[in-house]
>>> print(open('query-v5.txt').read())   # compact mmCIF, N, CA, C and O atoms
# COMPACT_ATOMS: atom_id res chain seq x y z
N MET V 1 146.19 38.61 149.67
CA MET V 1 146.28 40.05 149.77
C MET V 1 147.03 40.44 151.05
O MET V 1 147.10 39.68 151.99
N THR V 2 147.53 41.63 151.03
CA THR V 2 148.25 42.11 152.19
C THR V 2 147.29 42.79 153.17
O THR V 2 146.21 43.23 152.80
N LYS V 3 147.73 42.87 154.38
CA LYS V 3 146.93 43.51 155.43
C LYS V 3 147.52 44.89 155.70
O LYS V 3 148.72 45.10 155.59
N ILE V 4 146.66 45.83 156.04
CA ILE V 4 147.11 47.15 156.46
C ILE V 4 146.50 47.47 157.81
O ILE V 4 145.39 47.04 158.13
N LYS V 5 147.26 48.20 158.62
CA LYS V 5 146.77 48.62 159.94
C LYS V 5 146.33 50.07 159.84
O LYS V 5 147.04 50.92 159.31
N ILE V 6 145.16 50.33 160.37
CA ILE V 6 144.58 51.66 160.35
C ILE V 6 144.36 52.08 161.80
O ILE V 6 143.73 51.35 162.57
N LYS V 7 144.86 53.26 162.16
CA LYS V 7 144.70 53.76 163.52
C LYS V 7 143.94 55.08 163.47
O LYS V 7 144.26 55.95 162.68
N GLN V 8 142.94 55.20 164.33
CA GLN V 8 142.16 56.44 164.40
C GLN V 8 142.92 57.45 165.23
O GLN V 8 143.24 57.21 166.39
N ILE V 9 143.20 58.62 164.63
CA ILE V 9 143.93 59.68 165.34
C ILE V 9 143.11 60.95 165.48
O ILE V 9 143.55 61.89 166.13
N GLY V 10 141.94 60.99 164.86
CA GLY V 10 141.08 62.17 164.94
C GLY V 10 139.71 61.82 165.49
O GLY V 10 139.24 60.70 165.35
N SER V 11 139.09 62.80 166.11
CA SER V 11 137.79 62.59 166.72
C SER V 11 136.66 62.75 165.70
O SER V 11 136.71 63.64 164.85
N PRO V 12 135.61 61.92 165.80
CA PRO V 12 134.47 62.07 164.91
C PRO V 12 133.47 63.15 165.35
O PRO V 12 132.47 63.36 164.69
N ILE V 13 133.80 63.85 166.43
CA ILE V 13 132.92 64.92 166.89
C ILE V 13 132.91 66.04 165.85
O ILE V 13 133.95 66.40 165.30
N ARG V 14 131.74 66.58 165.55
CA ARG V 14 131.52 67.63 164.55
C ARG V 14 131.89 67.18 163.14
O ARG V 14 132.31 67.98 162.32
N ARG V 15 131.73 65.90 162.85
CA ARG V 15 131.94 65.37 161.50
C ARG V 15 130.58 64.94 160.95
O ARG V 15 129.62 64.75 161.69
N THR V 16 130.53 64.73 159.66
CA THR V 16 129.27 64.34 159.04
C THR V 16 128.91 62.90 159.40
O THR V 16 129.78 62.11 159.79
N LYS V 17 127.64 62.56 159.22
CA LYS V 17 127.19 61.20 159.49
C LYS V 17 127.90 60.20 158.59
O LYS V 17 128.19 59.07 159.00
N GLU V 18 128.18 60.61 157.35
CA GLU V 18 128.86 59.72 156.41
C GLU V 18 130.28 59.38 156.89
O GLU V 18 130.72 58.24 156.79
N GLN V 19 130.99 60.39 157.41
CA GLN V 19 132.35 60.13 157.90
C GLN V 19 132.32 59.25 159.15
O GLN V 19 133.17 58.37 159.31
N ARG V 20 131.35 59.46 160.02
CA ARG V 20 131.23 58.61 161.21
C ARG V 20 130.94 57.17 160.80
O ARG V 20 131.50 56.22 161.34
N ALA V 21 130.04 57.01 159.83
CA ALA V 21 129.69 55.67 159.35
C ALA V 21 130.88 54.99 158.69
O ALA V 21 131.07 53.78 158.82
N THR V 22 131.70 55.76 158.00
CA THR V 22 132.90 55.21 157.36
C THR V 22 133.87 54.70 158.42
O THR V 22 134.46 53.63 158.26
N LEU V 23 134.04 55.45 159.51
CA LEU V 23 134.91 54.99 160.59
C LEU V 23 134.40 53.68 161.18
O LEU V 23 135.18 52.76 161.44
N VAL V 24 133.10 53.59 161.39
CA VAL V 24 132.52 52.35 161.93
C VAL V 24 132.73 51.21 160.94
O VAL V 24 133.04 50.09 161.33
N GLY V 25 132.58 51.49 159.65
CA GLY V 25 132.81 50.48 158.62
C GLY V 25 134.24 49.98 158.60
O GLY V 25 134.50 48.83 158.25
N LEU V 26 135.17 50.84 158.98
CA LEU V 26 136.58 50.44 159.06
C LEU V 26 136.90 49.74 160.37
O LEU V 26 138.03 49.28 160.57
N GLY V 27 135.93 49.67 161.27
CA GLY V 27 136.16 49.02 162.56
C GLY V 27 136.72 49.97 163.59
O GLY V 27 137.30 49.54 164.60
N LEU V 28 136.58 51.27 163.36
CA LEU V 28 137.09 52.28 164.28
C LEU V 28 135.92 53.11 164.78
O LEU V 28 135.08 53.51 164.01
N ASN V 29 135.87 53.36 166.07
CA ASN V 29 134.84 54.27 166.58
C ASN V 29 135.29 54.96 167.86
O ASN V 29 134.55 55.72 168.43
N LYS V 30 136.51 54.71 168.29
CA LYS V 30 137.07 55.38 169.46
C LYS V 30 138.50 55.78 169.15
O LYS V 30 139.17 55.14 168.34
N MET V 31 138.96 56.81 169.80
CA MET V 31 140.30 57.32 169.56
C MET V 31 141.37 56.25 169.84
O MET V 31 141.23 55.46 170.77
N HIS V 32 142.39 56.23 169.02
CA HIS V 32 143.58 55.37 169.14
C HIS V 32 143.28 53.89 168.97
O HIS V 32 144.10 53.05 169.33
N ARG V 33 142.14 53.57 168.45
CA ARG V 33 141.81 52.18 168.16
C ARG V 33 142.48 51.77 166.86
O ARG V 33 142.58 52.56 165.93
N VAL V 34 142.96 50.53 166.78
CA VAL V 34 143.66 50.04 165.59
C VAL V 34 142.84 48.91 164.98
O VAL V 34 142.34 48.04 165.68
N SER V 35 142.73 48.92 163.66
CA SER V 35 142.01 47.90 162.93
C SER V 35 142.92 47.37 161.83
O SER V 35 143.64 48.13 161.19
N GLU V 36 142.91 46.06 161.62
CA GLU V 36 143.73 45.45 160.58
C GLU V 36 142.80 44.87 159.51
O GLU V 36 141.99 43.99 159.80
N LEU V 37 142.91 45.39 158.29
CA LEU V 37 142.02 45.01 157.21
C LEU V 37 142.81 44.61 155.97
O LEU V 37 143.98 44.97 155.83
N GLU V 38 142.14 43.89 155.07
CA GLU V 38 142.74 43.55 153.78
C GLU V 38 142.92 44.81 152.95
O GLU V 38 142.10 45.73 153.01
N ASP V 39 143.98 44.87 152.18
CA ASP V 39 144.26 46.02 151.33
C ASP V 39 143.51 45.87 150.01
O ASP V 39 144.01 45.30 149.05
N THR V 40 142.27 46.37 149.98
CA THR V 40 141.43 46.29 148.78
C THR V 40 141.09 47.70 148.31
O THR V 40 141.21 48.66 149.07
N PRO V 41 140.66 47.85 147.06
CA PRO V 41 140.27 49.18 146.58
C PRO V 41 139.13 49.80 147.39
O PRO V 41 139.09 51.02 147.58
N GLU V 42 138.22 48.97 147.89
CA GLU V 42 137.11 49.48 148.69
C GLU V 42 137.61 50.09 149.99
O GLU V 42 137.18 51.17 150.40
N VAL V 43 138.52 49.39 150.65
CA VAL V 43 139.07 49.88 151.92
C VAL V 43 139.89 51.15 151.66
O VAL V 43 139.81 52.11 152.42
N ARG V 44 140.65 51.18 150.57
CA ARG V 44 141.44 52.37 150.24
C ARG V 44 140.53 53.58 150.01
O ARG V 44 140.85 54.70 150.40
N GLY V 45 139.39 53.37 149.38
CA GLY V 45 138.44 54.45 149.16
C GLY V 45 137.87 54.97 150.47
O GLY V 45 137.68 56.18 150.64
N MET V 46 137.59 54.06 151.39
CA MET V 46 137.08 54.47 152.70
C MET V 46 138.14 55.26 153.46
O MET V 46 137.84 56.26 154.12
N ILE V 47 139.38 54.83 153.36
CA ILE V 47 140.48 55.53 154.03
C ILE V 47 140.62 56.94 153.45
O ILE V 47 140.85 57.90 154.18
N LYS V 48 140.47 57.06 152.14
CA LYS V 48 140.60 58.37 151.50
C LYS V 48 139.53 59.34 151.99
O LYS V 48 139.79 60.53 152.15
N LYS V 49 138.33 58.83 152.28
CA LYS V 49 137.24 59.69 152.77
C LYS V 49 137.53 60.26 154.15
O LYS V 49 137.08 61.35 154.47
N VAL V 50 138.24 59.51 154.98
CA VAL V 50 138.51 59.96 156.35
C VAL V 50 140.01 60.05 156.61
O VAL V 50 140.47 59.84 157.74
N ALA V 51 140.77 60.41 155.60
CA ALA V 51 142.25 60.46 155.72
C ALA V 51 142.71 61.42 156.79
O ALA V 51 143.78 61.22 157.39
N HIS V 52 141.93 62.45 157.06
CA HIS V 52 142.30 63.44 158.07
C HIS V 52 142.09 62.92 159.50
O HIS V 52 142.53 63.57 160.45
N MET V 53 141.46 61.75 159.65
CA MET V 53 141.20 61.21 160.99
C MET V 53 141.90 59.88 161.25
O MET V 53 141.78 59.34 162.34
N VAL V 54 142.62 59.34 160.26
CA VAL V 54 143.27 58.04 160.44
C VAL V 54 144.72 58.10 159.96
O VAL V 54 145.09 58.97 159.18
N SER V 55 145.52 57.16 160.46
CA SER V 55 146.87 56.97 159.95
C SER V 55 146.97 55.51 159.50
O SER V 55 146.39 54.62 160.12
N VAL V 56 147.70 55.30 158.42
CA VAL V 56 147.83 53.97 157.83
C VAL V 56 149.26 53.49 158.00
O VAL V 56 150.21 54.22 157.72
N GLU V 57 149.40 52.25 158.46
CA GLU V 57 150.72 51.64 158.65
C GLU V 57 150.77 50.35 157.85
O GLU V 57 149.93 49.49 158.03
N GLY V 58 151.74 50.26 156.98
CA GLY V 58 152.02 49.08 156.18
C GLY V 58 150.88 48.22 155.95
O GLY V 58 150.65 47.18 155.70
>>> encode(input="query-v5.txt", output="C-alpha cells")
Amino acid sequence: MTKIKIKQIGSPIRRTKEQRATLVGLGLNKMHRVSELEDTPEVRGMIKKVAHMVSVEG
C-alpha cells in the first residue's frame, strides 16, 4: 500500500471530543505535526471527519 502524509493545520480547541479523538488516532495532537500512514479506507474516513483541520500530501 502507499503511504500518505497528513499535517495538522487546524486547532482542536472548541471541537467535539470525537474530532479530538480522531486527530489522536491519526497520530496528530499538536499544530503542524506530520504523520505518515498507510492509505486505507479507514484512514481516509478519519481524514474526512477532520478534513477542515488537516492537509493531505501524496
>>> residues_around(input="query-v5.txt", residues="region 26-39 of chain V", least_positions_apart="2", cutoff="7 Å", atoms="only N, CA, C and O atoms", output="list in words")
Met1, Thr2, Lys3, Ile4, Lys5, Ile6, Lys7, Gln8, Ile9, Gly10, Ser11, Pro12, Arg20, Ala21, Thr22, Leu23, Val24, Pro41, Glu42, Val43 and Arg44 of chain V
>>> atom_distance(input="query-v5.txt", atom1="atom O of Ile13 (chain V)", atom2="atom C of Ile47 (chain V)")
16.6 Å
>>> select_by_dssp(input="query-v5.txt", residues="chain V", states="strand (DSSP E or B)", output="PDB file with N, CA, C and O atoms, in the coordinates of the input")
ATOM      1  N   LYS V   3     147.730  42.870 154.380  1.00  0.00           N
ATOM      2  CA  LYS V   3     146.930  43.510 155.430  1.00  0.00           C
ATOM      3  C   LYS V   3     147.520  44.890 155.700  1.00  0.00           C
ATOM      4  O   LYS V   3     148.720  45.100 155.590  1.00  0.00           O
ATOM      5  N   ILE V   4     146.660  45.830 156.040  1.00  0.00           N
ATOM      6  CA  ILE V   4     147.110  47.150 156.460  1.00  0.00           C
ATOM      7  C   ILE V   4     146.500  47.470 157.810  1.00  0.00           C
ATOM      8  O   ILE V   4     145.390  47.040 158.130  1.00  0.00           O
ATOM      9  N   LYS V   5     147.260  48.200 158.620  1.00  0.00           N
ATOM     10  CA  LYS V   5     146.770  48.620 159.940  1.00  0.00           C
ATOM     11  C   LYS V   5     146.330  50.070 159.840  1.00  0.00           C
ATOM     12  O   LYS V   5     147.040  50.920 159.310  1.00  0.00           O
ATOM     13  N   ILE V   6     145.160  50.330 160.370  1.00  0.00           N
ATOM     14  CA  ILE V   6     144.580  51.660 160.350  1.00  0.00           C
ATOM     15  C   ILE V   6     144.360  52.080 161.800  1.00  0.00           C
ATOM     16  O   ILE V   6     143.730  51.350 162.570  1.00  0.00           O
ATOM     17  N   LYS V   7     144.860  53.260 162.160  1.00  0.00           N
ATOM     18  CA  LYS V   7     144.700  53.760 163.520  1.00  0.00           C
ATOM     19  C   LYS V   7     143.940  55.080 163.470  1.00  0.00           C
ATOM     20  O   LYS V   7     144.260  55.950 162.680  1.00  0.00           O
ATOM     21  N   GLN V   8     142.940  55.200 164.330  1.00  0.00           N
ATOM     22  CA  GLN V   8     142.160  56.440 164.400  1.00  0.00           C
ATOM     23  C   GLN V   8     142.920  57.450 165.230  1.00  0.00           C
ATOM     24  O   GLN V   8     143.240  57.210 166.390  1.00  0.00           O
ATOM     25  N   VAL V  34     142.960  50.530 166.780  1.00  0.00           N
ATOM     26  CA  VAL V  34     143.660  50.040 165.590  1.00  0.00           C
ATOM     27  C   VAL V  34     142.840  48.910 164.980  1.00  0.00           C
ATOM     28  O   VAL V  34     142.340  48.040 165.680  1.00  0.00           O
ATOM     29  N   SER V  35     142.730  48.920 163.660  1.00  0.00           N
ATOM     30  CA  SER V  35     142.010  47.900 162.930  1.00  0.00           C
ATOM     31  C   SER V  35     142.920  47.370 161.830  1.00  0.00           C
ATOM     32  O   SER V  35     143.640  48.130 161.190  1.00  0.00           O
ATOM     33  N   GLU V  36     142.910  46.060 161.620  1.00  0.00           N
ATOM     34  CA  GLU V  36     143.730  45.450 160.580  1.00  0.00           C
ATOM     35  C   GLU V  36     142.800  44.870 159.510  1.00  0.00           C
ATOM     36  O   GLU V  36     141.990  43.990 159.800  1.00  0.00           O
ATOM     37  N   LEU V  37     142.910  45.390 158.290  1.00  0.00           N
ATOM     38  CA  LEU V  37     142.020  45.010 157.210  1.00  0.00           C
ATOM     39  C   LEU V  37     142.810  44.610 155.970  1.00  0.00           C
ATOM     40  O   LEU V  37     143.980  44.970 155.830  1.00  0.00           O
ATOM     41  N   GLU V  38     142.140  43.890 155.070  1.00  0.00           N
ATOM     42  CA  GLU V  38     142.740  43.550 153.780  1.00  0.00           C
ATOM     43  C   GLU V  38     142.920  44.810 152.950  1.00  0.00           C
ATOM     44  O   GLU V  38     142.100  45.730 153.010  1.00  0.00           O
ATOM     45  N   VAL V  54     142.620  59.340 160.260  1.00  0.00           N
ATOM     46  CA  VAL V  54     143.270  58.040 160.440  1.00  0.00           C
ATOM     47  C   VAL V  54     144.720  58.100 159.960  1.00  0.00           C
ATOM     48  O   VAL V  54     145.090  58.970 159.180  1.00  0.00           O
ATOM     49  N   SER V  55     145.520  57.160 160.460  1.00  0.00           N
ATOM     50  CA  SER V  55     146.870  56.970 159.950  1.00  0.00           C
ATOM     51  C   SER V  55     146.970  55.510 159.500  1.00  0.00           C
ATOM     52  O   SER V  55     146.390  54.620 160.120  1.00  0.00           O
ATOM     53  N   VAL V  56     147.700  55.300 158.420  1.00  0.00           N
ATOM     54  CA  VAL V  56     147.830  53.970 157.830  1.00  0.00           C
ATOM     55  C   VAL V  56     149.260  53.490 158.000  1.00  0.00           C
ATOM     56  O   VAL V  56     150.210  54.220 157.720  1.00  0.00           O
ATOM     57  N   GLU V  57     149.400  52.250 158.460  1.00  0.00           N
ATOM     58  CA  GLU V  57     150.720  51.640 158.650  1.00  0.00           C
ATOM     59  C   GLU V  57     150.770  50.350 157.850  1.00  0.00           C
ATOM     60  O   GLU V  57     149.930  49.490 158.030  1.00  0.00           O
TER      61      GLU V  57
END
>>> atom_distance(input="query-v5.txt", atom1="CA of Gly45 (chain V)", atom2="CA of Arg15 (chain V)")
17.7 Å
>>> residues_around(input="query-v5.txt", residues="Gln19 (chain V)", least_positions_apart="6", cutoff="7 Å", atoms="all atoms listed in the file", output="PyMOL selection string")
chain V and resi 12+25+49-50
>>> atom_distance(input="query-v5.txt", atom1="atom N of Glu18 (chain V)", atom2="atom N of Ala51 (chain V)")
12.7 Å
>>> select_by_dssp(input="query-v5.txt", residues="chain V", states="helix (DSSP H, G or I)", output="list in words")
Lys17, Glu18, Gln19, Arg20, Ala21, Thr22, Leu23, Val24, Gly25, Pro41, Glu42, Val43, Arg44, Gly45, Met46, Ile47, Lys48 and Lys49 of chain V
>>> build_atoms(input="query-v5.txt", residues="region 40-51 of chain V", atoms="all heavy atoms", output="PDB file, in the frame of the given file")
ATOM      1  N   THR V  40     142.270  46.370 149.980  1.00  0.00           N
ATOM      2  CA  THR V  40     141.430  46.290 148.780  1.00  0.00           C
ATOM      3  C   THR V  40     141.090  47.700 148.310  1.00  0.00           C
ATOM      4  O   THR V  40     141.210  48.660 149.070  1.00  0.00           O
ATOM      5  CB  THR V  40     140.114  45.536 149.080  1.00  0.00           C
ATOM      6  OG1 THR V  40     139.381  46.287 150.062  1.00  0.00           O
ATOM      7  CG2 THR V  40     140.369  44.133 149.586  1.00  0.00           C
ATOM      8  N   PRO V  41     140.660  47.850 147.060  1.00  0.00           N
ATOM      9  CA  PRO V  41     140.270  49.180 146.580  1.00  0.00           C
ATOM     10  C   PRO V  41     139.130  49.800 147.390  1.00  0.00           C
ATOM     11  O   PRO V  41     139.090  51.020 147.580  1.00  0.00           O
ATOM     12  CB  PRO V  41     139.830  48.922 145.137  1.00  0.00           C
ATOM     13  CG  PRO V  41     140.508  47.672 144.741  1.00  0.00           C
ATOM     14  CD  PRO V  41     140.637  46.857 145.992  1.00  0.00           C
ATOM     15  N   GLU V  42     138.220  48.970 147.890  1.00  0.00           N
ATOM     16  CA  GLU V  42     137.110  49.480 148.690  1.00  0.00           C
ATOM     17  C   GLU V  42     137.610  50.090 149.990  1.00  0.00           C
ATOM     18  O   GLU V  42     137.180  51.170 150.400  1.00  0.00           O
ATOM     19  CB  GLU V  42     136.103  48.366 148.985  1.00  0.00           C
ATOM     20  CG  GLU V  42     135.369  47.849 147.776  1.00  0.00           C
ATOM     21  CD  GLU V  42     136.135  46.784 147.005  1.00  0.00           C
ATOM     22  OE1 GLU V  42     137.238  46.362 147.446  1.00  0.00           O
ATOM     23  OE2 GLU V  42     135.643  46.372 145.947  1.00  0.00           O
ATOM     24  N   VAL V  43     138.520  49.390 150.650  1.00  0.00           N
ATOM     25  CA  VAL V  43     139.070  49.880 151.920  1.00  0.00           C
ATOM     26  C   VAL V  43     139.890  51.150 151.660  1.00  0.00           C
ATOM     27  O   VAL V  43     139.810  52.110 152.420  1.00  0.00           O
ATOM     28  CB  VAL V  43     139.925  48.786 152.601  1.00  0.00           C
ATOM     29  CG1 VAL V  43     140.675  49.357 153.786  1.00  0.00           C
ATOM     30  CG2 VAL V  43     139.043  47.637 153.055  1.00  0.00           C
ATOM     31  N   ARG V  44     140.650  51.180 150.570  1.00  0.00           N
ATOM     32  CA  ARG V  44     141.440  52.370 150.240  1.00  0.00           C
ATOM     33  C   ARG V  44     140.530  53.580 150.010  1.00  0.00           C
ATOM     34  O   ARG V  44     140.850  54.700 150.400  1.00  0.00           O
ATOM     35  CB  ARG V  44     142.290  52.117 148.993  1.00  0.00           C
ATOM     36  CG  ARG V  44     143.465  51.215 149.230  1.00  0.00           C
ATOM     37  CD  ARG V  44     144.517  51.922 150.006  1.00  0.00           C
ATOM     38  NE  ARG V  44     145.628  51.022 150.311  1.00  0.00           N
ATOM     39  CZ  ARG V  44     146.749  51.441 150.861  1.00  0.00           C
ATOM     40  NH1 ARG V  44     146.918  52.705 151.157  1.00  0.00           N
ATOM     41  NH2 ARG V  44     147.706  50.576 151.120  1.00  0.00           N
ATOM     42  N   GLY V  45     139.390  53.370 149.380  1.00  0.00           N
ATOM     43  CA  GLY V  45     138.440  54.450 149.160  1.00  0.00           C
ATOM     44  C   GLY V  45     137.870  54.970 150.470  1.00  0.00           C
ATOM     45  O   GLY V  45     137.680  56.180 150.640  1.00  0.00           O
ATOM     46  N   MET V  46     137.590  54.060 151.390  1.00  0.00           N
ATOM     47  CA  MET V  46     137.080  54.470 152.700  1.00  0.00           C
ATOM     48  C   MET V  46     138.140  55.260 153.460  1.00  0.00           C
ATOM     49  O   MET V  46     137.840  56.260 154.120  1.00  0.00           O
ATOM     50  CB  MET V  46     136.638  53.246 153.498  1.00  0.00           C
ATOM     51  CG  MET V  46     135.416  52.555 152.935  1.00  0.00           C
ATOM     52  SD  MET V  46     135.073  50.986 153.730  1.00  0.00           S
ATOM     53  CE  MET V  46     134.344  51.529 155.258  1.00  0.00           C
ATOM     54  N   ILE V  47     139.380  54.830 153.360  1.00  0.00           N
ATOM     55  CA  ILE V  47     140.480  55.530 154.030  1.00  0.00           C
ATOM     56  C   ILE V  47     140.620  56.940 153.450  1.00  0.00           C
ATOM     57  O   ILE V  47     140.850  57.900 154.180  1.00  0.00           O
ATOM     58  CB  ILE V  47     141.790  54.735 153.901  1.00  0.00           C
ATOM     59  CG1 ILE V  47     141.708  53.450 154.723  1.00  0.00           C
ATOM     60  CG2 ILE V  47     142.977  55.577 154.346  1.00  0.00           C
ATOM     61  CD1 ILE V  47     142.836  52.485 154.478  1.00  0.00           C
ATOM     62  N   LYS V  48     140.470  57.060 152.140  1.00  0.00           N
ATOM     63  CA  LYS V  48     140.600  58.370 151.500  1.00  0.00           C
ATOM     64  C   LYS V  48     139.530  59.340 151.990  1.00  0.00           C
ATOM     65  O   LYS V  48     139.790  60.530 152.150  1.00  0.00           O
ATOM     66  CB  LYS V  48     140.497  58.197 149.985  1.00  0.00           C
ATOM     67  CG  LYS V  48     140.832  59.450 149.212  1.00  0.00           C
ATOM     68  CD  LYS V  48     140.670  59.219 147.726  1.00  0.00           C
ATOM     69  CE  LYS V  48     142.012  59.020 147.092  1.00  0.00           C
ATOM     70  NZ  LYS V  48     141.930  59.013 145.621  1.00  0.00           N
ATOM     71  N   LYS V  49     138.330  58.830 152.280  1.00  0.00           N
ATOM     72  CA  LYS V  49     137.240  59.690 152.770  1.00  0.00           C
ATOM     73  C   LYS V  49     137.530  60.260 154.150  1.00  0.00           C
ATOM     74  O   LYS V  49     137.080  61.350 154.470  1.00  0.00           O
ATOM     75  CB  LYS V  49     135.938  58.902 152.842  1.00  0.00           C
ATOM     76  CG  LYS V  49     135.218  58.785 151.540  1.00  0.00           C
ATOM     77  CD  LYS V  49     133.858  58.184 151.782  1.00  0.00           C
ATOM     78  CE  LYS V  49     132.922  58.584 150.676  1.00  0.00           C
ATOM     79  NZ  LYS V  49     131.566  58.172 150.948  1.00  0.00           N
ATOM     80  N   VAL V  50     138.240  59.510 154.980  1.00  0.00           N
ATOM     81  CA  VAL V  50     138.510  59.960 156.350  1.00  0.00           C
ATOM     82  C   VAL V  50     140.010  60.050 156.610  1.00  0.00           C
ATOM     83  O   VAL V  50     140.470  59.840 157.740  1.00  0.00           O
ATOM     84  CB  VAL V  50     137.830  59.033 157.391  1.00  0.00           C
ATOM     85  CG1 VAL V  50     136.331  59.141 157.323  1.00  0.00           C
ATOM     86  CG2 VAL V  50     138.276  57.589 157.221  1.00  0.00           C
ATOM     87  N   ALA V  51     140.770  60.410 155.600  1.00  0.00           N
ATOM     88  CA  ALA V  51     142.250  60.460 155.720  1.00  0.00           C
ATOM     89  C   ALA V  51     142.710  61.420 156.790  1.00  0.00           C
ATOM     90  O   ALA V  51     143.780  61.220 157.390  1.00  0.00           O
ATOM     91  CB  ALA V  51     142.854  60.823 154.367  1.00  0.00           C
TER      92      ALA V  51
END
